[in-house]
Amino acid sequence: MRIKFQQSLDGLKERLLIMAGLAEQAIQRSIEAYSTRDASICELVLRAEPSINRLEREIDQMALDLLAMEQPMAIDLRFILSVIRINADLERVGDQAVNIVVRVREMGAFANIDLPVDIPKLAALASAMVRKALQAFIEGNAELAKSVLTLDDQVDQMNDAAFRALSALIKEKPELTPQALNALIIARNLERVGDHATNIAEDVIFWVRGADVRHNPVDASLGDHI
């Protein structure tokens with residue numbers, strides 16, 4: 001029975017990693033769409049969303065079935081609970097990608113101008129946070145997960161800088177308001193991607209160490225180590 005249960009846990013992890021791959025791909029494509037203004041790439045992101053949503057429901061059901069049938073304890077229970085939460089955050093990363101391509105399509109109706117914000121740089125940092133958080137999950141590495149938490153401030157600072165620069169541009173050149181507003185919203189979407197990566201990292205710490213650090217990151221070193 002224990003072997004079968006472990007195989008079920010491995011299967012759950014495998015499905016979550018497929019979900020992670022889809023979410024990462026969606027974000028990468030959305031930023032490529034922003035950089036190229038390629039409507040066909042926007043379409044790829046939009047067409048992939050139903051697959052992400054279906055997989056989210058499938059993973060949740062697998063996790064709930066394991067909770068109901070196996071009544072796991074300690075670290076196995078924390079693993080399953082963490083998978084449920086990580087699954088939700090990955091689905092929301094996919095949602096942010098959809099939000100971005102919707103804005104990119106709107107920007108396609110206006111002149112492509114240089115804006116005082118480095119969206120690809122912000123995207124690279126937010127994406128790196130997601131990758132690192134997922135690597136921490138794959139390895140069960142709480143220290144790696146902790147390193148993700150420190151990157152969130154950088155993403156927040158870049159988003160704040162984008163807000164200030166684009167707000168100033170709107171005041172100086174009102175005719176550029178549509179492009180500036182869409183870029184501002186895209187920056188906000190990427191800041192949210194960073195938030196979801198932070199959530200994933202916190203869930204890895206909860207799984208591995210039994211420490212809930214969602215509202216108190218300094219406690220990331222605590223836990224029962226079961």
# chains A, B, ... in the order shown; residues from 1 in each chain; ligands from 1
call {"tool": "closest_atom_pairs", "arguments": {"of": "stretch 69-186 of chain A", "to": "stretch 46-63 of chain A", "cutoff": "12 Å", "atoms": "only C-alpha atoms", "output": "CSV"}}
result
residue,atom,partner,partner_atom,distance
A:Met69,CA,A:Ala63,CA,10.1
A:Glu70,CA,A:Ala63,CA,10.4
A:Gln71,CA,A:Ala63,CA,11.1
A:Pro72,CA,A:Ala63,CA,11.0
A:Asp76,CA,A:Ala63,CA,11.1
A:Leu77,CA,A:Ala63,CA,10.0
A:Arg78,CA,A:Ala63,CA,11.3
A:Phe79,CA,A:Ala63,CA,9.7
A:Ile80,CA,A:Ala63,CA,6.0
A:Leu81,CA,A:Ala63,CA,7.8
A:Ser82,CA,A:Ala63,CA,9.8
A:Val83,CA,A:Ala63,CA,7.6
A:Ile84,CA,A:Asp60,CA,5.9
A:Arg85,CA,A:Asp60,CA,9.2
A:Ile86,CA,A:Glu56,CA,9.9
A:Asn87,CA,A:Glu56,CA,6.1
A:Ala88,CA,A:Glu56,CA,7.0
A:Asp89,CA,A:Glu56,CA,9.8
A:Leu90,CA,A:Glu56,CA,8.4
A:Glu91,CA,A:Ile52,CA,6.4
A:Arg92,CA,A:Asn53,CA,9.6
A:Val93,CA,A:Ile52,CA,10.0
A:Gly94,CA,A:Glu49,CA,6.8
A:Asp95,CA,A:Glu49,CA,7.7
A:Gln96,CA,A:Glu49,CA,10.6
A:Ala97,CA,A:Leu46,CA,8.7
A:Val98,CA,A:Leu46,CA,6.1
A:Asn99,CA,A:Leu46,CA,9.5
A:Ile100,CA,A:Leu46,CA,10.4
A:Val101,CA,A:Leu46,CA,7.9
A:Val102,CA,A:Leu46,CA,8.8
A:Arg105,CA,A:Leu46,CA,11.4
call {"tool": "residues_around", "arguments": {"residues": "stretch 28-34 of chain A", "least_positions_apart": "2", "cutoff": "12 Å", "atoms": "only C-alpha atoms", "output": "PyMOL selection string"}}
result
chain A and resi 21-26+36-48+93-108+112+118-128+130-131+179+182-183+186-187+189-190+193
call {"tool": "atom_distance", "arguments": {"atom1": "atom CA of A:Arg188", "atom2": "atom CA of A:Phe110"}}
result
20.5 Å
call {"tool": "closest_residue", "arguments": {"among": "A:Ala109, A:Ile185, A:Ile75, A:Leu115", "to": "A:Lys173", "atoms": "only C-alpha atoms"}}
result
A:Leu115
call {"tool": "residues_around", "arguments": {"residues": "A:Phe163", "least_positions_apart": "3", "cutoff": "9 Å", "atoms": "only C-alpha atoms", "output": "PyMOL selection string"}}
result
chain A and resi 117+158-160+166-168+184+187-188
call {"tool": "closest_residue", "arguments": {"among": "A:Ile113, A:Phe137, A:Ile27, A:Ala74", "to": "A:Lys13", "atoms": "only C-alpha atoms"}}
result
A:Phe137
call {"tool": "closest_residue", "arguments": {"among": "A:Lys171, A:Arg164, A:Arg192, A:Arg15", "to": "A:Met129", "atoms": "only C-alpha atoms"}}
result
A:Arg192
call {"tool": "closest_residue", "arguments": {"among": "A:Leu64, A:Lys146, A:Pro116, A:Phe5", "to": "A:Ile170", "atoms": "only C-alpha atoms"}}
result
A:Pro116
call {"tool": "closest_residue", "arguments": {"among": "A:Ala201, A:Ala111, A:Leu144, A:His196", "to": "A:Thr177", "atoms": "only C-alpha atoms"}}
result
A:Ala111
call {"tool": "select_by_dssp", "arguments": {"residues": "stretch 168-218 of chain A", "states": "alpha helix (DSSP H)", "output": "number ranges by chain"}}
result
A: 168-172, 177-209
call {"tool": "closest_residue", "arguments": {"among": "A:Met1, A:Ile138, A:Thr150, A:Val208", "to": "A:Ala20", "atoms": "only C-alpha atoms"}}
result
A:Ile138
call {"tool": "residues_around", "arguments": {"residues": "A:Ser147", "least_positions_apart": "5", "cutoff": "10 Å", "atoms": "only C-alpha atoms", "output": "ChimeraX atom specification"}}
result
/A:129,132-133,136,142,152,198,201
call {"tool": "atom_distance", "arguments": {"atom1": "atom CA of A:His215", "atom2": "atom CA of A:Asp203"}}
result
12.0 Å
call {"tool": "decode", "arguments": {"residues": "stretch 151-165 of chain A", "atoms": "N, CA, C and O atoms", "output": "short mmCIF file (atom, residue, chain, number, x, y, z; two decimals), in the first residue's frame"}}
result
data_model
loop_
_atom_site.label_atom_id
_atom_site.label_comp_id
_atom_site.auth_asym_id
_atom_site.auth_seq_id
_atom_site.Cartn_x
_atom_site.Cartn_y
_atom_site.Cartn_z
N LEU A 151 13.74 38.13 -4.12
CA LEU A 151 13.63 38.74 -5.45
C LEU A 151 12.34 39.55 -5.62
O LEU A 151 12.25 40.40 -6.50
N ASP A 152 11.36 39.27 -4.77
CA ASP A 152 10.06 39.92 -4.94
C ASP A 152 10.16 41.43 -4.80
O ASP A 152 9.47 42.18 -5.50
N ASP A 153 11.02 41.89 -3.89
CA ASP A 153 11.19 43.34 -3.70
C ASP A 153 11.70 44.00 -4.98
O ASP A 153 11.30 45.13 -5.30
N GLN A 154 12.59 43.31 -5.70
CA GLN A 154 13.12 43.88 -6.95
C GLN A 154 12.02 44.04 -7.99
O GLN A 154 11.95 45.06 -8.68
N VAL A 155 11.16 43.04 -8.09
CA VAL A 155 10.04 43.13 -9.03
C VAL A 155 9.11 44.28 -8.64
O VAL A 155 8.65 45.05 -9.49
N ASP A 156 8.82 44.40 -7.34
CA ASP A 156 7.96 45.48 -6.87
C ASP A 156 8.56 46.84 -7.20
O ASP A 156 7.86 47.77 -7.62
N GLN A 157 9.87 46.98 -7.00
CA GLN A 157 10.54 48.25 -7.28
C GLN A 157 10.48 48.59 -8.77
O GLN A 157 10.26 49.75 -9.14
N MET A 158 10.68 47.59 -9.62
CA MET A 158 10.61 47.83 -11.06
C MET A 158 9.20 48.21 -11.49
O MET A 158 9.00 49.09 -12.34
N ASN A 159 8.20 47.58 -10.88
CA ASN A 159 6.82 47.92 -11.20
C ASN A 159 6.50 49.34 -10.74
O ASN A 159 5.84 50.11 -11.47
N ASP A 160 6.98 49.71 -9.56
CA ASP A 160 6.77 51.08 -9.06
C ASP A 160 7.44 52.11 -9.98
O ASP A 160 6.86 53.17 -10.26
N ALA A 161 8.65 51.80 -10.43
CA ALA A 161 9.37 52.70 -11.33
C ALA A 161 8.62 52.85 -12.66
O ALA A 161 8.53 53.94 -13.23
N ALA A 162 8.06 51.74 -13.15
CA ALA A 162 7.29 51.77 -14.39
C ALA A 162 6.05 52.64 -14.21
O ALA A 162 5.71 53.45 -15.10
N PHE A 163 5.40 52.52 -13.06
CA PHE A 163 4.20 53.33 -12.79
C PHE A 163 4.54 54.82 -12.82
O PHE A 163 3.84 55.62 -13.45
N ARG A 164 5.64 55.18 -12.15
CA ARG A 164 6.02 56.60 -12.10
C ARG A 164 6.37 57.13 -13.50
O ARG A 164 5.93 58.22 -13.89
N ALA A 165 7.16 56.35 -14.24
CA ALA A 165 7.60 56.81 -15.56
C ALA A 165 6.44 56.92 -16.54
O ALA A 165 6.34 57.90 -17.30
#
